[in-house]
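One structure is given below, encoded as structure tokens.
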2 protein chains.
Amino acid sequence: MEERVTIRELARLSGVSVGTVSRALNGYADVRSETRERIMRLAQELDYTPAAAARSLVTQRSHVIGVFMETGEGHPDLQHPFFHEVLGGLKQRVGAQGFDLLLFASERPGNGYGPHSYLKRARHHSVDGVALIGLDQEHAEVRRLVRAGLPCVGIDMDIEGPAAEVVMSDNVSGAETAVRHLHALGHRRIATITGMLESRPGIDRLRGYRAAAQALNLAYRDEYVAYGDFYAESGREQTARLLELPERPTAIFAAADMMAIGAVRAAAEAGLRVPEDLSIVGFDDIQLAPHVNPPLTTLRQDKLGLGAAAGDALVARIAGDPDRPSLRRLPVELVVRGSTAPPAE
Amino acid sequence: MEERVTIRELARLSGVSVGTVSRALNGYADVRSETRERIMRLAQELDYTPAAAARSLVTQRSHVIGVFMETGEGHPDLQHPFFHEVLGGLKQRVGAQGFDLLLFASERPGNGYGPHSYLKRARHHSVDGVALIGLDQEHAEVRRLVRAGLPCVGIDMDIEGPAAEVVMSDNVSGAETAVRHLHALGHRRIATITGMLESRPGIDRLRGYRAAAQALNLAYRDEYVAYGDFYAESGREQTARLLELPERPTAIFAAADMMAIGAVRAAAEAGLRVPEDLSIVGFDDIQLAPHVNPPLTTLRQDKLGLGAAAGDALVARIAGDPDRPSLRRLPVELVVRGSTAPPAE
DNA sequence: TTGTAGGCGTTATCAT
DNA sequence: ATGATAACGCCTACAA
């Protein structure tokens with residue numbers, strides 16, 4: 001493997017000092033254009049690349065943003081399509097501003113001594129900021145990280161700290177919209193399948209469901225609230241349960257598309273047609289939502305937008321912008337497709 | 001934001017030299033256990049974290065693995081669920097070995113001068129190895145990167161270089177298995193929807209389809225090969241087309257689950273039932289495959305395994321392992337679910 | 001306009 | 001067993 005071309009080499013070859021080379025390369029004004037050109041040309045020829053490590057050591061800026069997104073057994077976040085799309089948005093946005101993304105993978109980076117806390121891992125790599133995606137906000141390490149003063153942004157999680165910001169969809173009003181949509185179609189027996197109630201989106205979507213139910217004067221029934229976990233299997237199980245109720249619902253609001261898909265499945269297994277016998281509305285608008293059978297009526301989250309907003313927040317805070325909102329709430333949009341219709345009876 | 005605790009600080013406070021601190025922390029034998037303990041305790045208290053940048057500068061090892069995975073408009077790889085799961089496997093495996101992942105996002109990292117090539121970006125961050133996920137293998141920059149001698153692993157793409165390795169599923173035999181499964185059920189008119197033929201998996205799955213068709217003495221018909229792009233919409237369109245054929249197929253092998261889901265949709269729109277009127281088998285076994293309606297018969301790729309194999313390859317090559325295979329092909333497994341059945345007639 | 005030199009935080013090589 | 005000291009590659013005053 002060819003050895004690295006250093007700035008010193010460049011200096012030697014172009015017959016000037018390293019200082020001059022550095023200034024030329026970094027576009028300082030006080031360099032004779034002739035020398036600059038010569039240097040640039042040489043750098044080009046030799047395919048010179050500055051060493052980020054060296055640079056960040058002296059400038060105290062790494063131009064790298066850390067990302068914590070768990071992929072373990074318990075928290076299989078990397079499995080939920082939602083997070084990937086958000087990650088894509090983040091990547092795109094920060095990339096345009098000259099930042100790369102460090103996906104924290106190891107608890108003992110560099111095979112160093114002992115497992116590192118979130119904070120240590122972030123410090124270890126001198127990341128300029130950190131994005132937290134779908135972690136447990138109660139985790140002690142998360143709190144410590146967020147309080148340390150490093151620019152942080154939480155996606156779908158409540159965090160608080162001197163340089164922390166939160167980005168999430170307007171889950172409450174989204175859930176309300178879902179219920180209103182069903183109500184407008186004529187449904188009165190509307191059930192819901194919640195997400196994990198340890199998460200903000202889980203809580204808020206349930207909250208929205210309740211608010212709408214109350215506002216619309218739907219009789220509140222405890223048994224119409226089924227507890228899921230955002231994943232398909234729970235949607236299926238809970239729907240099966242709901243359909244066995246003496247007075248079964250004619251419509252279900254599932255707090256995630258994955259669960260909605262599971263719900264469609266359960267309906268089919270119970271011999272019911274969607275939407276004729278049972279209307280279902282999801283949440284997220286995952287990539288497959290328009291393609292499943294029937295196409296899913298759902299609340300679209302602006303996933304790329306969430307990632308982009310997170311990126312903007314970080315970049316702004318890294319740049320030192322003082323007055324930033326602590327919370328950015330993005331609107332969601334009802335997308336009516338084929339899984340909802342007026343009730344049969 | 002609290003300032004960084006350096007090794008020098010640690011040395012000062014514990015009354016020894018930085019050299020000793022470094023040795024103590026890194027577990028060298030020649031340190032009195034008493035001093036070591038004192039130092040360790042202090043490091044603990046102060047929550048000392050070594051600076052990766054400084055360390056990598058001198059050791060020439062960053063313990064970071066770079067990942068190139070395009071997310072642009074043309075190559076929306078980050079959108080295909082398959083790649084995420086692979087990424088998850090990679091992350092998990094390299095994480096266990098002390099590596100973190102750098103997701104290249106910026107073409108001008110650090111807002112440096114001019115756009116950087118793949119190779120420059122990799123060098124810039126001094127990554128110890130690079131994973132290439134679903135890129136265009138013909139791209140000139142990719143070739144240069146791979147030839148530079150840096151440990152590289154290509155996932156689902158053919159690359160060649162002094163330290164390059166390829167990991168992919170056994171697409172050919174997977175496709176064959178799909179066709180044989182349909183044949184065994186009694187199908188004789190079996191069509192296929194291909195993936196993008198610019199990609200190895202796209203080519204290989206078509207190859208497998210053809211090989212099996214020939215081996216099984218199925219009459220070859222040009223019009224039974226429909227060209228898709230791995231995504232749902234193409235599956236739908238191409239299926240619609242296939243179903244209009246004078247002698248329409250009774251079964252379809254779609255080279256990706258997303259396309260299979262699109263195919264199911266198209267069948268429904270044509271008033272056909274799956275699997276009664278049309279059998280469909282996919283490829284991938286994406287997370288939703290068991291949950292859609294009907295549950296998808298498909299060929300399971302070991303996505304986590306692919307990521308893990310890629311991680312192993314990189315770690316081994318970074319460690320200097322000389323005799324490595326240039327290609328690792330992982331087996332795929334037929335998963336029979338509800339989208340296939342014997343033909344009606 | 002350019003060169004010199006100090007320092008960023010580590011590890012590694014010598015001595016001691 | 002420990003302490004100096006020289007790198008690693010770069011940026012940035014400060015001098016010239």
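Lettering and numbering for the structure tokens are positional, with chains as A, B, ... in the shown order, residues counted from 1 in each chain, and ligands counted from 1 in the shown order.
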
Note to self: Just want the 12 Å neighbourhood of DA7 of chain D, counted on only C-alpha atoms (C1' of nucleotides), with same-chain residues fewer than 2 positions away dropped. Output as a PyMOL selection string.
What the structure shows: (chain B and resi 54+57-59) or (chain C and resi 10-13) or (chain D and resi 5+9)

Worksheet entry | 10 Å contacts from chain C to chain A using only C-alpha atoms (C1' of nucleotides), as a ChimeraX atom specification | /C:1-4,7-9

Could you list the residues in chain D lying within 12 Å of chain B, using only C-alpha atoms (C1' of nucleotides), and format the result as a tab-separated table (two decimals) with N, CA and C atoms (P, O5', C5', C4', C3', O3' and C1' of nucleotides), in the first residue's frame?
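selection31.tsv written:
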```tsv
chain	number	residue	atom	x	y	z
D	1	DA	P	9.23	-4.29	36.86
D	1	DA	O5'	8.75	-2.82	37.20
D	1	DA	C5'	8.83	-2.35	38.51
D	1	DA	C4'	9.25	-0.91	38.45
D	1	DA	C3'	8.22	0.02	37.83
D	1	DA	O3'	8.14	1.19	38.64
D	1	DA	C1'	10.29	0.25	36.70
D	2	DT	P	7.03	2.26	38.36
D	2	DT	O5'	7.84	3.30	37.50
D	2	DT	C5'	8.69	4.22	38.17
D	2	DT	C4'	9.49	4.98	37.16
D	2	DT	C3'	8.71	6.04	36.36
D	2	DT	O3'	9.05	7.30	36.91
D	2	DT	C1'	10.38	4.91	35.06
D	3	DG	P	8.22	8.53	36.42
D	3	DG	O5'	9.35	9.25	35.57
D	3	DG	C5'	10.67	9.20	36.02
D	3	DG	C4'	11.59	9.85	35.01
D	3	DG	C3'	10.96	11.02	34.26
D	3	DG	O3'	11.96	12.02	34.09
D	3	DG	C1'	11.62	9.35	32.71
D	4	DA	P	11.54	13.48	33.78
D	4	DA	O5'	12.56	13.82	32.63
D	4	DA	C5'	12.22	13.43	31.36
D	4	DA	C4'	13.47	13.34	30.49
D	4	DA	C3'	13.37	14.28	29.30
D	4	DA	O3'	14.65	14.59	28.81
D	4	DA	C1'	13.00	12.02	28.65
D	5	DT	P	14.78	15.71	27.73
D	5	DT	O5'	14.34	14.97	26.39
D	5	DT	C5'	15.03	13.79	25.99
D	5	DT	C4'	14.51	13.33	24.65
D	5	DT	C3'	13.93	14.45	23.79
D	5	DT	O3'	14.29	14.21	22.45
D	5	DT	C1'	12.33	12.80	24.03
D	6	DA	P	14.20	15.33	21.41
D	6	DA	O5'	13.97	14.50	20.07
D	6	DA	C5'	14.56	13.21	19.93
D	6	DA	C4'	13.61	12.29	19.20
D	6	DA	C3'	12.98	12.91	17.95
D	6	DA	O3'	12.96	11.92	16.94
D	6	DA	C1'	11.28	12.17	19.37
D	7	DA	P	12.76	12.30	15.46
D	7	DA	O5'	11.43	13.16	15.55
D	7	DA	C5'	10.43	13.04	14.58
D	7	DA	C4'	9.69	11.72	14.70
D	7	DA	C3'	8.40	11.78	13.90
D	7	DA	O3'	8.31	10.66	13.04
D	7	DA	C1'	7.93	11.36	16.24
D	8	DC	P	7.78	10.87	11.60
D	8	DC	O5'	6.22	10.64	11.66
D	8	DC	C5'	5.61	9.57	12.35
D	8	DC	C4'	4.15	9.89	12.55
D	8	DC	C3'	3.66	10.99	11.61
D	8	DC	O3'	2.94	10.42	10.53
D	8	DC	C1'	2.89	11.30	13.89
D	9	DG	P	3.24	10.95	9.06
D	9	DG	O5'	2.30	12.23	8.97
D	9	DG	C5'	0.89	12.05	9.04
D	9	DG	C4'	0.24	13.41	9.16
D	9	DG	C3'	0.66	14.41	8.09
D	9	DG	O3'	-0.52	14.92	7.50
D	9	DG	C1'	0.86	15.36	10.24
D	10	DC	P	-0.51	16.05	6.46
D	10	DC	O5'	-0.90	17.30	7.34
D	10	DC	C5'	-2.21	17.34	7.90
D	10	DC	C4'	-2.29	18.41	8.95
D	10	DC	C3'	-2.20	19.84	8.43
D	10	DC	O3'	-3.53	20.35	8.37
D	10	DC	C1'	-0.99	19.51	10.48
```

Which residues are close to segment 167-174 of chain A, i.e. within 6 Å by only C-alpha atoms (C1' of nucleotides), leaving aside same-chain residues fewer than 3 positions away? Reply as a ChimeraX atom specification.
/A:155-156,177,204-205,208,327-332

Please return, as a compact mmCIF listing (two decimals) with C-alpha atoms, in the first residue's frame, all residues of segment 107-227 of chain A that DSSP assigns to strand (DSSP E or B) on the basis of the backbone.
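Below is the file that was written, out18.txt:
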```txt
# COMPACT_ATOMS: atom_id res chain seq x y z
CA GLY A 129 -21.83 16.62 17.65
CA VAL A 130 -23.97 13.59 18.26
CA ALA A 131 -27.27 12.32 16.94
CA LEU A 132 -29.24 9.99 19.16
CA ILE A 133 -31.70 7.86 17.30
CA CYS A 152 -26.70 16.74 20.67
CA VAL A 153 -29.88 16.09 18.85
CA GLY A 154 -32.43 13.51 19.84
CA ILE A 155 -34.65 12.02 17.23
CA ALA A 164 -29.37 19.51 23.16
CA GLU A 165 -32.20 19.68 20.73
CA VAL A 166 -35.08 17.38 19.89
CA VAL A 167 -36.61 16.60 16.56
CA MET A 168 -39.76 14.63 16.08
CA SER A 169 -42.98 14.42 14.14
CA ILE A 190 -62.42 2.81 16.63
CA ALA A 191 -59.67 0.91 18.38
CA THR A 192 -55.97 1.61 18.52
CA ILE A 193 -52.81 -0.42 18.74
CA THR A 194 -50.15 1.54 20.50
CA VAL A 225 -56.64 0.18 23.48
CA ALA A 226 -54.31 -2.66 22.58
CA TYR A 227 -50.64 -2.51 23.43
```

Fill in: Those in segment 288-339 of chain B with alpha helix (DSSP H) from DSSP, as a list in words
Lys303, Leu304, Gly305, Leu306, Gly307, Ala308, Ala309, Ala310, Gly311, Asp312, Ala313, Leu314, Val315, Ala316, Arg317 and Ile318 of chain B

Based on the selection just made, write N, CA and C atoms of those residues as a PDB file, in the first residue's frame.
```
ATOM      1  N   LYS B 303     -28.748 -11.814   5.745  1.00  0.00           N
ATOM      2  CA  LYS B 303     -28.290 -10.439   5.652  1.00  0.00           C
ATOM      3  C   LYS B 303     -27.288 -10.085   6.750  1.00  0.00           C
ATOM      4  N   LEU B 304     -27.636 -10.455   7.955  1.00  0.00           N
ATOM      5  CA  LEU B 304     -26.680 -10.222   9.033  1.00  0.00           C
ATOM      6  C   LEU B 304     -25.382 -10.977   8.771  1.00  0.00           C
ATOM      7  N   GLY B 305     -25.545 -12.170   8.243  1.00  0.00           N
ATOM      8  CA  GLY B 305     -24.367 -12.977   7.940  1.00  0.00           C
ATOM      9  C   GLY B 305     -23.487 -12.325   6.889  1.00  0.00           C
ATOM     10  N   LEU B 306     -24.098 -11.699   5.918  1.00  0.00           N
ATOM     11  CA  LEU B 306     -23.322 -11.017   4.891  1.00  0.00           C
ATOM     12  C   LEU B 306     -22.518  -9.887   5.515  1.00  0.00           C
ATOM     13  N   GLY B 307     -23.186  -9.117   6.347  1.00  0.00           N
ATOM     14  CA  GLY B 307     -22.492  -8.021   7.017  1.00  0.00           C
ATOM     15  C   GLY B 307     -21.369  -8.556   7.896  1.00  0.00           C
ATOM     16  N   ALA B 308     -21.667  -9.616   8.602  1.00  0.00           N
ATOM     17  CA  ALA B 308     -20.663 -10.193   9.499  1.00  0.00           C
ATOM     18  C   ALA B 308     -19.474 -10.724   8.711  1.00  0.00           C
ATOM     19  N   ALA B 309     -19.774 -11.398   7.608  1.00  0.00           N
ATOM     20  CA  ALA B 309     -18.687 -11.934   6.793  1.00  0.00           C
ATOM     21  C   ALA B 309     -17.818 -10.799   6.265  1.00  0.00           C
ATOM     22  N   ALA B 310     -18.470  -9.729   5.878  1.00  0.00           N
ATOM     23  CA  ALA B 310     -17.724  -8.568   5.393  1.00  0.00           C
ATOM     24  C   ALA B 310     -16.838  -8.031   6.513  1.00  0.00           C
ATOM     25  N   GLY B 311     -17.387  -7.962   7.694  1.00  0.00           N
ATOM     26  CA  GLY B 311     -16.615  -7.478   8.834  1.00  0.00           C
ATOM     27  C   GLY B 311     -15.422  -8.376   9.107  1.00  0.00           C
ATOM     28  N   ASP B 312     -15.653  -9.658   9.089  1.00  0.00           N
ATOM     29  CA  ASP B 312     -14.557 -10.591   9.332  1.00  0.00           C
ATOM     30  C   ASP B 312     -13.457 -10.427   8.293  1.00  0.00           C
ATOM     31  N   ALA B 313     -13.886 -10.296   7.059  1.00  0.00           N
ATOM     32  CA  ALA B 313     -12.915 -10.144   5.985  1.00  0.00           C
ATOM     33  C   ALA B 313     -12.034  -8.926   6.237  1.00  0.00           C
ATOM     34  N   LEU B 314     -12.663  -7.838   6.573  1.00  0.00           N
ATOM     35  CA  LEU B 314     -11.895  -6.613   6.792  1.00  0.00           C
ATOM     36  C   LEU B 314     -10.955  -6.745   7.981  1.00  0.00           C
ATOM     37  N   VAL B 315     -11.506  -7.226   9.068  1.00  0.00           N
ATOM     38  CA  VAL B 315     -10.679  -7.349  10.268  1.00  0.00           C
ATOM     39  C   VAL B 315      -9.477  -8.256  10.015  1.00  0.00           C
ATOM     40  N   ALA B 316      -9.729  -9.352   9.316  1.00  0.00           N
ATOM     41  CA  ALA B 316      -8.634 -10.276   9.023  1.00  0.00           C
ATOM     42  C   ALA B 316      -7.577  -9.616   8.151  1.00  0.00           C
ATOM     43  N   ARG B 317      -8.019  -8.928   7.146  1.00  0.00           N
ATOM     44  CA  ARG B 317      -7.055  -8.296   6.246  1.00  0.00           C
ATOM     45  C   ARG B 317      -6.318  -7.174   6.951  1.00  0.00           C
ATOM     46  N   ILE B 318      -6.997  -6.478   7.801  1.00  0.00           N
ATOM     47  CA  ILE B 318      -6.337  -5.404   8.546  1.00  0.00           C
ATOM     48  C   ILE B 318      -5.262  -5.998   9.447  1.00  0.00           C
TER      49      ILE B 318
END
```

Worksheet item: At what distance in Å, to one decimal, does atom CA of Asp285 of chain A lie from atom CA of Arg180 of chain A?
Response: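 Computing it gives 17.9 Å between the two atoms.
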
All residues 12 Å or closer to DA5 of chain C, only C-alpha atoms (C1' of nucleotides), same chain fewer than 5 positions away omitted, as an NGL selection string | (:A and (18-19)) or (:D and (11-15))

One decimal place gives the atom CA of Ala213 of chain B-atom CA of Ala256 of chain B separation as 18.6 Å

Here atom CA of Asp302 of chain A and atom CA of Gly262 of chain B stand apart by 23.0 Å

Next on the checklist: Neighbouring residues of segment 112-128 of chain B were defined as those with any atom within 7 Å, considering only C-alpha atoms (C1' of nucleotides); residues of the same chain fewer than 2 positions away were excluded. Please report them as a VMD selection string.
Outcome noted: (chain A and resid 49 to 53) or (chain B and resid 61 to 66 107 to 110 141 to 142 144 to 145 318)

Long-range neighbours of Glu276 of chain B as number ranges by chain, 7 Å cut-off, only C-alpha atoms (C1' of nucleotides), 4 positions minimum in chain: B: 341, 343-344

Convert the current residue selection to file output with C-alpha atoms, as a PDB file, in the first residue's frame.
```pdb
ATOM      1  CA  ALA B 341     -49.245 -23.327  -4.379  1.00  0.00           C
ATOM      2  CA  PRO B 343     -51.439 -24.253 -10.269  1.00  0.00           C
ATOM      3  CA  ALA B 344     -55.219 -24.250 -10.518  1.00  0.00           C
TER       4      ALA B 344
END
```

Write out as a ChimeraX atom specification the residues lying within 12 Å of Tyr220 of chain A, counting only C-alpha atoms (C1' of nucleotides) and excluding same-chain residues fewer than 2 positions away. /A:188-192,209-218,222-225

Written file, previous selection with N, CA and C atoms, as a PDB file, in the first residue's frame:
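out.pdb, written as the output of this step:
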```pdb
ATOM      1  N   ARG A 188     -67.477   4.541  14.313  1.00  0.00           N
ATOM      2  CA  ARG A 188     -67.690   4.968  15.697  1.00  0.00           C
ATOM      3  C   ARG A 188     -66.955   4.053  16.666  1.00  0.00           C
ATOM      4  N   ARG A 189     -66.774   2.827  16.242  1.00  0.00           N
ATOM      5  CA  ARG A 189     -66.040   1.895  17.111  1.00  0.00           C
ATOM      6  C   ARG A 189     -64.607   1.800  16.597  1.00  0.00           C
ATOM      7  N   ILE A 190     -63.797   2.694  17.104  1.00  0.00           N
ATOM      8  CA  ILE A 190     -62.415   2.813  16.629  1.00  0.00           C
ATOM      9  C   ILE A 190     -61.439   2.389  17.715  1.00  0.00           C
ATOM     10  N   ALA A 191     -60.668   1.386  17.411  1.00  0.00           N
ATOM     11  CA  ALA A 191     -59.670   0.915  18.376  1.00  0.00           C
ATOM     12  C   ALA A 191     -58.291   1.425  17.984  1.00  0.00           C
ATOM     13  N   THR A 192     -57.337   1.230  18.857  1.00  0.00           N
ATOM     14  CA  THR A 192     -55.966   1.607  18.517  1.00  0.00           C
ATOM     15  C   THR A 192     -55.003   0.532  18.988  1.00  0.00           C
ATOM     16  N   TYR A 209     -54.850   9.801  20.026  1.00  0.00           N
ATOM     17  CA  TYR A 209     -56.018   8.936  19.865  1.00  0.00           C
ATOM     18  C   TYR A 209     -57.064   9.275  20.912  1.00  0.00           C
ATOM     19  N   ARG A 210     -56.614   9.384  22.145  1.00  0.00           N
ATOM     20  CA  ARG A 210     -57.547   9.657  23.243  1.00  0.00           C
ATOM     21  C   ARG A 210     -58.187  11.026  23.101  1.00  0.00           C
ATOM     22  N   ALA A 211     -57.346  11.997  22.740  1.00  0.00           N
ATOM     23  CA  ALA A 211     -57.865  13.357  22.600  1.00  0.00           C
ATOM     24  C   ALA A 211     -58.960  13.405  21.540  1.00  0.00           C
ATOM     25  N   ALA A 212     -58.689  12.783  20.425  1.00  0.00           N
ATOM     26  CA  ALA A 212     -59.665  12.806  19.342  1.00  0.00           C
ATOM     27  C   ALA A 212     -60.930  12.043  19.740  1.00  0.00           C
ATOM     28  N   ALA A 213     -60.739  10.912  20.352  1.00  0.00           N
ATOM     29  CA  ALA A 213     -61.888  10.104  20.759  1.00  0.00           C
ATOM     30  C   ALA A 213     -62.797  10.919  21.670  1.00  0.00           C
ATOM     31  N   GLN A 214     -62.170  11.630  22.555  1.00  0.00           N
ATOM     32  CA  GLN A 214     -62.941  12.442  23.483  1.00  0.00           C
ATOM     33  C   GLN A 214     -63.629  13.602  22.743  1.00  0.00           C
ATOM     34  N   ALA A 215     -62.868  14.278  21.929  1.00  0.00           N
ATOM     35  CA  ALA A 215     -63.419  15.418  21.207  1.00  0.00           C
ATOM     36  C   ALA A 215     -64.580  15.006  20.308  1.00  0.00           C
ATOM     37  N   LEU A 216     -64.497  13.799  19.815  1.00  0.00           N
ATOM     38  CA  LEU A 216     -65.540  13.341  18.896  1.00  0.00           C
ATOM     39  C   LEU A 216     -66.661  12.610  19.616  1.00  0.00           C
ATOM     40  N   ASN A 217     -66.533  12.596  20.943  1.00  0.00           N
ATOM     41  CA  ASN A 217     -67.573  11.949  21.739  1.00  0.00           C
ATOM     42  C   ASN A 217     -67.711  10.455  21.491  1.00  0.00           C
ATOM     43  N   LEU A 218     -66.586   9.832  21.166  1.00  0.00           N
ATOM     44  CA  LEU A 218     -66.635   8.380  21.038  1.00  0.00           C
ATOM     45  C   LEU A 218     -66.621   7.812  22.442  1.00  0.00           C
ATOM     46  N   ASP A 222     -61.908   0.864  27.425  1.00  0.00           N
ATOM     47  CA  ASP A 222     -60.571   0.423  27.777  1.00  0.00           C
ATOM     48  C   ASP A 222     -60.080  -0.668  26.844  1.00  0.00           C
ATOM     49  N   GLU A 223     -60.988  -1.547  26.495  1.00  0.00           N
ATOM     50  CA  GLU A 223     -60.558  -2.698  25.702  1.00  0.00           C
ATOM     51  C   GLU A 223     -60.265  -2.335  24.245  1.00  0.00           C
ATOM     52  N   TYR A 224     -60.497  -1.113  23.875  1.00  0.00           N
ATOM     53  CA  TYR A 224     -60.168  -0.695  22.519  1.00  0.00           C
ATOM     54  C   TYR A 224     -58.733  -0.190  22.406  1.00  0.00           C
ATOM     55  N   VAL A 225     -58.049  -0.203  23.522  1.00  0.00           N
ATOM     56  CA  VAL A 225     -56.635   0.177  23.479  1.00  0.00           C
ATOM     57  C   VAL A 225     -55.796  -1.086  23.632  1.00  0.00           C
TER      58      VAL A 225
END
```
